[in-house]
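Colleague: Supplied structure: input.pdb, PDB, C-alpha atoms and all ligand atoms.
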```
ATOM      1  CA  MET A   1      70.988 155.000  50.699  1.00  0.00           C
ATOM      2  CA  CYS A   2      74.564 155.630  49.780  1.00  0.00           C
ATOM      3  CA  PHE A   3      75.317 153.560  46.716  1.00  0.00           C
ATOM      4  CA  ASP A   4      78.697 153.487  45.028  1.00  0.00           C
ATOM      5  CA  LYS A   5      78.062 154.980  41.593  1.00  0.00           C
ATOM      6  CA  THR A   6      81.693 154.926  40.574  1.00  0.00           C
ATOM      7  CA  LYS A   7      81.368 151.757  38.508  1.00  0.00           C
ATOM      8  CA  THR A   8      79.861 152.055  35.070  1.00  0.00           C
ATOM      9  CA  ASP A   9      77.586 149.428  33.638  1.00  0.00           C
ATOM     10  CA  ALA A  10      80.410 148.321  31.327  1.00  0.00           C
ATOM     11  CA  GLU A  11      82.679 147.820  34.337  1.00  0.00           C
ATOM     12  CA  TRP A  12      80.068 145.748  36.144  1.00  0.00           C
ATOM     13  CA  ARG A  13      79.661 143.586  33.050  1.00  0.00           C
ATOM     14  CA  ALA A  14      83.411 143.108  32.794  1.00  0.00           C
ATOM     15  CA  GLU A  15      83.821 142.215  36.473  1.00  0.00           C
ATOM     16  CA  LEU A  16      80.892 139.886  36.976  1.00  0.00           C
ATOM     17  CA  SER A  17      79.989 136.643  35.268  1.00  0.00           C
ATOM     18  CA  PRO A  18      76.822 136.878  33.124  1.00  0.00           C
ATOM     19  CA  GLY A  19      74.903 134.974  35.797  1.00  0.00           C
ATOM     20  CA  GLN A  20      76.107 137.259  38.563  1.00  0.00           C
ATOM     21  CA  TYR A  21      75.383 140.346  36.486  1.00  0.00           C
ATOM     22  CA  ARG A  22      71.810 139.229  35.961  1.00  0.00           C
ATOM     23  CA  ILE A  23      71.295 138.784  39.704  1.00  0.00           C
ATOM     24  CA  LEU A  24      73.350 141.624  41.199  1.00  0.00           C
ATOM     25  CA  ARG A  25      72.599 144.335  38.650  1.00  0.00           C
ATOM     26  CA  GLU A  26      69.270 143.183  37.157  1.00  0.00           C
ATOM     27  CA  HIS A  27      67.606 141.852  40.309  1.00  0.00           C
ATOM     28  CA  GLY A  28      67.593 138.253  39.146  1.00  0.00           C
ATOM     29  CA  THR A  29      67.177 135.153  41.268  1.00  0.00           C
ATOM     30  CA  GLU A  30      69.169 131.948  41.044  1.00  0.00           C
ATOM     31  CA  PRO A  31      67.146 128.708  41.006  1.00  0.00           C
ATOM     32  CA  ALA A  32      66.678 127.181  44.468  1.00  0.00           C
ATOM     33  CA  PHE A  33      69.190 124.539  45.569  1.00  0.00           C
ATOM     34  CA  THR A  34      71.619 125.446  42.770  1.00  0.00           C
ATOM     35  CA  GLY A  35      73.834 128.047  44.444  1.00  0.00           C
ATOM     36  CA  GLU A  36      77.159 127.550  46.119  1.00  0.00           C
ATOM     37  CA  TYR A  37      76.166 128.421  49.694  1.00  0.00           C
ATOM     38  CA  TRP A  38      72.636 127.295  50.585  1.00  0.00           C
ATOM     39  CA  ASP A  39      74.092 124.167  52.241  1.00  0.00           C
ATOM     40  CA  ASN A  40      77.356 125.697  53.449  1.00  0.00           C
ATOM     41  CA  HIS A  41      77.822 125.244  57.197  1.00  0.00           C
ATOM     42  CA  GLU A  42      81.371 126.500  57.590  1.00  0.00           C
ATOM     43  CA  ALA A  43      82.220 129.356  59.938  1.00  0.00           C
ATOM     44  CA  GLY A  44      83.123 132.643  58.313  1.00  0.00           C
ATOM     45  CA  VAL A  45      81.877 135.836  56.750  1.00  0.00           C
ATOM     46  CA  TYR A  46      79.792 136.313  53.629  1.00  0.00           C
ATOM     47  CA  ARG A  47      80.919 139.320  51.610  1.00  0.00           C
ATOM     48  CA  CYS A  48      79.207 141.142  48.774  1.00  0.00           C
ATOM     49  CA  ALA A  49      80.191 139.575  45.446  1.00  0.00           C
ATOM     50  CA  GLY A  50      80.013 143.039  43.908  1.00  0.00           C
ATOM     51  CA  CYS A  51      82.248 145.049  46.203  1.00  0.00           C
ATOM     52  CA  GLY A  52      83.612 142.812  48.976  1.00  0.00           C
ATOM     53  CA  GLU A  53      81.734 144.488  51.822  1.00  0.00           C
ATOM     54  CA  PRO A  54      81.099 142.065  54.760  1.00  0.00           C
ATOM     55  CA  LEU A  55      77.327 141.474  54.809  1.00  0.00           C
ATOM     56  CA  PHE A  56      76.455 138.375  56.854  1.00  0.00           C
ATOM     57  CA  ALA A  57      78.092 136.179  59.506  1.00  0.00           C
ATOM     58  CA  SER A  58      77.825 132.392  59.463  1.00  0.00           C
ATOM     59  CA  ASP A  59      76.486 132.283  63.025  1.00  0.00           C
ATOM     60  CA  THR A  60      73.286 134.021  61.872  1.00  0.00           C
ATOM     61  CA  LYS A  61      72.773 131.560  58.992  1.00  0.00           C
ATOM     62  CA  PHE A  62      70.026 128.982  59.373  1.00  0.00           C
ATOM     63  CA  ASP A  63      68.504 126.134  57.381  1.00  0.00           C
ATOM     64  CA  SER A  64      65.350 127.626  55.917  1.00  0.00           C
ATOM     65  CA  GLY A  65      64.615 124.722  53.578  1.00  0.00           C
ATOM     66  CA  THR A  66      64.217 127.174  50.693  1.00  0.00           C
ATOM     67  CA  GLY A  67      67.410 126.313  48.817  1.00  0.00           C
ATOM     68  CA  TRP A  68      68.863 129.783  49.261  1.00  0.00           C
ATOM     69  CA  PRO A  69      71.334 130.941  51.913  1.00  0.00           C
ATOM     70  CA  SER A  70      69.217 132.348  54.742  1.00  0.00           C
ATOM     71  CA  PHE A  71      70.219 134.607  57.612  1.00  0.00           C
ATOM     72  CA  TYR A  72      68.206 136.063  60.463  1.00  0.00           C
ATOM     73  CA  GLN A  73      70.158 139.307  60.506  1.00  0.00           C
ATOM     74  CA  ALA A  74      72.753 141.323  58.634  1.00  0.00           C
ATOM     75  CA  LEU A  75      76.275 141.712  59.928  1.00  0.00           C
ATOM     76  CA  SER A  76      75.564 145.322  60.844  1.00  0.00           C
ATOM     77  CA  ALA A  77      72.636 147.687  60.516  1.00  0.00           C
ATOM     78  CA  ASP A  78      74.572 149.597  57.852  1.00  0.00           C
ATOM     79  CA  ALA A  79      75.564 146.678  55.665  1.00  0.00           C
ATOM     80  CA  VAL A  80      72.268 145.799  54.012  1.00  0.00           C
ATOM     81  CA  ALA A  81      69.760 148.290  52.644  1.00  0.00           C
ATOM     82  CA  GLU A  82      66.083 147.404  52.402  1.00  0.00           C
ATOM     83  CA  LYS A  83      63.717 148.664  49.740  1.00  0.00           C
ATOM     84  CA  ARG A  84      60.062 147.980  48.997  1.00  0.00           C
ATOM     85  CA  ASP A  85      59.715 145.792  45.894  1.00  0.00           C
ATOM     86  CA  GLY A  86      56.335 145.438  44.196  1.00  0.00           C
ATOM     87  CA  SER A  87      57.581 143.502  41.161  1.00  0.00           C
ATOM     88  CA  HIS A  88      56.125 140.171  39.970  1.00  0.00           C
ATOM     89  CA  GLY A  89      52.788 140.979  41.598  1.00  0.00           C
ATOM     90  CA  MET A  90      54.242 140.563  45.080  1.00  0.00           C
ATOM     91  CA  ASP A  91      54.784 142.985  47.919  1.00  0.00           C
ATOM     92  CA  ARG A  92      58.278 142.201  49.109  1.00  0.00           C
ATOM     93  CA  VAL A  93      61.272 143.869  50.708  1.00  0.00           C
ATOM     94  CA  GLU A  94      64.383 143.792  48.567  1.00  0.00           C
ATOM     95  CA  ALA A  95      67.803 143.453  50.224  1.00  0.00           C
ATOM     96  CA  LEU A  96      70.673 145.343  48.613  1.00  0.00           C
ATOM     97  CA  CYS A  97      74.315 145.927  49.452  1.00  0.00           C
ATOM     98  CA  ARG A  98      74.294 149.432  50.860  1.00  0.00           C
ATOM     99  CA  ARG A  99      77.801 150.095  49.601  1.00  0.00           C
ATOM    100  CA  CYS A 100      77.494 149.164  45.931  1.00  0.00           C
ATOM    101  CA  GLY A 101      73.749 148.811  45.408  1.00  0.00           C
ATOM    102  CA  SER A 102      73.938 145.230  44.191  1.00  0.00           C
ATOM    103  CA  HIS A 103      70.793 143.148  44.566  1.00  0.00           C
ATOM    104  CA  LEU A 104      71.172 140.440  47.208  1.00  0.00           C
ATOM    105  CA  GLY A 105      67.730 138.921  47.647  1.00  0.00           C
ATOM    106  CA  HIS A 106      64.673 139.631  49.812  1.00  0.00           C
ATOM    107  CA  VAL A 107      63.763 139.950  53.487  1.00  0.00           C
ATOM    108  CA  PHE A 108      60.716 138.107  54.823  1.00  0.00           C
ATOM    109  CA  PRO A 109      59.042 138.382  58.246  1.00  0.00           C
ATOM    110  CA  ASP A 110      58.983 134.622  58.866  1.00  0.00           C
ATOM    111  CA  GLY A 111      62.466 133.985  60.217  1.00  0.00           C
ATOM    112  CA  PRO A 112      63.574 132.519  63.535  1.00  0.00           C
ATOM    113  CA  ALA A 113      64.288 134.276  66.831  1.00  0.00           C
ATOM    114  CA  PRO A 114      65.754 136.588  67.852  1.00  0.00           C
ATOM    115  CA  THR A 115      64.763 138.821  64.906  1.00  0.00           C
ATOM    116  CA  GLY A 116      61.913 136.953  63.228  1.00  0.00           C
ATOM    117  CA  LEU A 117      63.469 137.933  59.901  1.00  0.00           C
ATOM    118  CA  ARG A 118      64.633 135.790  57.024  1.00  0.00           C
ATOM    119  CA  PHE A 119      67.176 137.339  54.693  1.00  0.00           C
ATOM    120  CA  CYS A 120      66.796 135.092  51.636  1.00  0.00           C
ATOM    121  CA  ILE A 121      69.977 135.728  49.669  1.00  0.00           C
ATOM    122  CA  ASN A 122      71.334 134.520  46.342  1.00  0.00           C
ATOM    123  CA  SER A 123      74.595 132.601  46.620  1.00  0.00           C
ATOM    124  CA  ALA A 124      75.735 134.452  43.508  1.00  0.00           C
ATOM    125  CA  SER A 125      75.524 137.742  45.420  1.00  0.00           C
ATOM    126  CA  LEU A 126      77.912 136.465  48.091  1.00  0.00           C
ATOM    127  CA  ARG A 127      81.529 135.482  48.416  1.00  0.00           C
ATOM    128  CA  PHE A 128      82.275 133.323  51.439  1.00  0.00           C
ATOM    129  CA  GLN A 129      85.412 133.920  53.434  1.00  0.00           C
ATOM    130  CA  LYS A 130      86.186 131.009  55.746  1.00  0.00           C
ATOM    131  CA  LYS A 131      87.195 131.855  59.276  1.00  0.00           C
ATOM    132  CA  GLN A 132      90.917 131.419  59.934  1.00  0.00           C
ATOM    133  CA  ASP A 133      91.735 129.454  63.068  1.00  0.00           C
TER     134      ASP A 133
HETATM  135 FE    FE A 201      78.443 145.505  47.513  1.00  0.00          FE
END
```
Show me this structure written as structure tokens.
Modeller:
Amino acid sequence: MCFDKTKTDAEWRAELSPGQYRILREHGTEPAFTGEYWDNHEAGVYRCAGCGEPLFASDTKFDSGTGWPSFYQALSADAVAEKRDGSHGMDRVEALCRRCGSHLGHVFPDGPAPTGLRFCINSASLRFQKKQD
């Protein structure tokens, strides 16, 4: 992994809201159905709320029924890093922004075709950029 270590913890705290800091830097999770994007159906790109890196495209977003934005693949193989996460008594795969190391959510093997993956992502970890037409 190639995480951006140039930001200090104090800088992250200054840049992010307390809620975003808890999720992006402390691996928190927003409550289901409370985030900004779980029900967003507009076309565009979802960028990392920490560093602006493009992470997911709207055409890979699907309605998972979980209350979190869900995608069946990342925008590119390089965008999202995956890491084994054994916290909370569960064996899960954590999804992180490869560029800045911010926590995004988790990846589960129960998604739709063509990948069979479900990237379950916190809205707070994303910043949506609507497609210009
Ligand atoms: Fe990032």
Colleague: Given the choices A:Thr29, A:Ser125, A:Thr34, A:Ser64, which gets closest to ligand FE 201 (chain A) if the distance is worked out from all atoms listed in the file?
Modeller: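 Of A:Thr29, A:Ser125, A:Thr34, A:Ser64, the one nearest ligand FE 201 (chain A) is A:Ser125, counting all atoms listed in the file.
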Colleague: Let me have the centre and edge lengths in Å, one decimal, of the box along x, y and z around every listed atom of range 77-84 of chain A with 4 Å of margin on each side, as lines of an AutoDock Vina configuration file.
Modeller:
```
center_x = 67.8
center_y = 147.7
center_z = 54.8
size_x = 23.5
size_y = 11.8
size_z = 19.5
```
Colleague: So what do you get for CA of Ala57 in chain A versus CA of Ser102 in chain A, distance-wise?
Modeller: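 Going from CA of Ala57 in chain A over to CA of Ser102 in chain A, I get 18.3 Å.
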Colleague: Mind listing the residues within 7 Å of ligand FE 201 (chain A), only C-alpha atoms and all ligand atoms counted, as a list in words?
Modeller: Cys48, Ala49, Gly50, Cys51, Gly52, Glu53, Cys97, Arg98, Arg99, Cys100, Gly101 and Ser102 of chain A
Colleague: Between A:Glu42, A:Asp85, A:Glu15, A:Glu36, single out the one closest to Pro69 in chain A, counting all atoms listed in the file.
Modeller: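 Of the candidates, the smallest distance to Pro69 in chain A is held by A:Glu36.
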Colleague: Using CA of Ala14 in chain A and CA of Leu96 in chain A as the two end points, give the distance in Å to one decimal.
Modeller: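 CA of Leu96 in chain A lies at a distance of 20.4 Å from CA of Ala14 in chain A.
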Colleague: Which of these, A:Trp68, A:Lys83, A:Ala74, A:Lys130, has the shortest distance to Pro31 in chain A once you count all atoms listed in the file?
Modeller: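 Going through A:Trp68, A:Lys83, A:Ala74, A:Lys130 one by one, the smallest distance to Pro31 in chain A is for A:Trp68.
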Colleague: For this structure, which residues satisfy the selection - the PyMOL selection byres (((chain A and resi 103) around 9) and not hetatm) - when it is evaluated on the file as given? I want them as a PyMOL selection string.
Modeller: chain A and resi 23-28+94-97+101-102+104-106+122+125
Colleague: Which is closest to Phe56 in chain A among A:Ser87, A:Asn40, A:Gln132, A:Gln73, if we use all atoms listed in the file?
Modeller: A:Gln73
Colleague: So which one's closest to Phe108 in chain A, A:Lys131, A:Arg22, A:Lys7, A:Arg84? Using only C-alpha atoms, please.
Modeller: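 Checking each of A:Lys131, A:Arg22, A:Lys7, A:Arg84 against Phe108 in chain A, counting only C-alpha atoms, the winner is A:Arg84.
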Colleague: Residues proximal to (68.8, 126.4, 47.5) were defined as those with any atom within 6 Å of that point in the file's coordinates, counting only C-alpha atoms. Which are they, as a list in words?
Modeller: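 Output of the proximity query reads Ala32, Phe33, Thr34, Trp38, Thr66, Gly67 and Trp68 of chain A.
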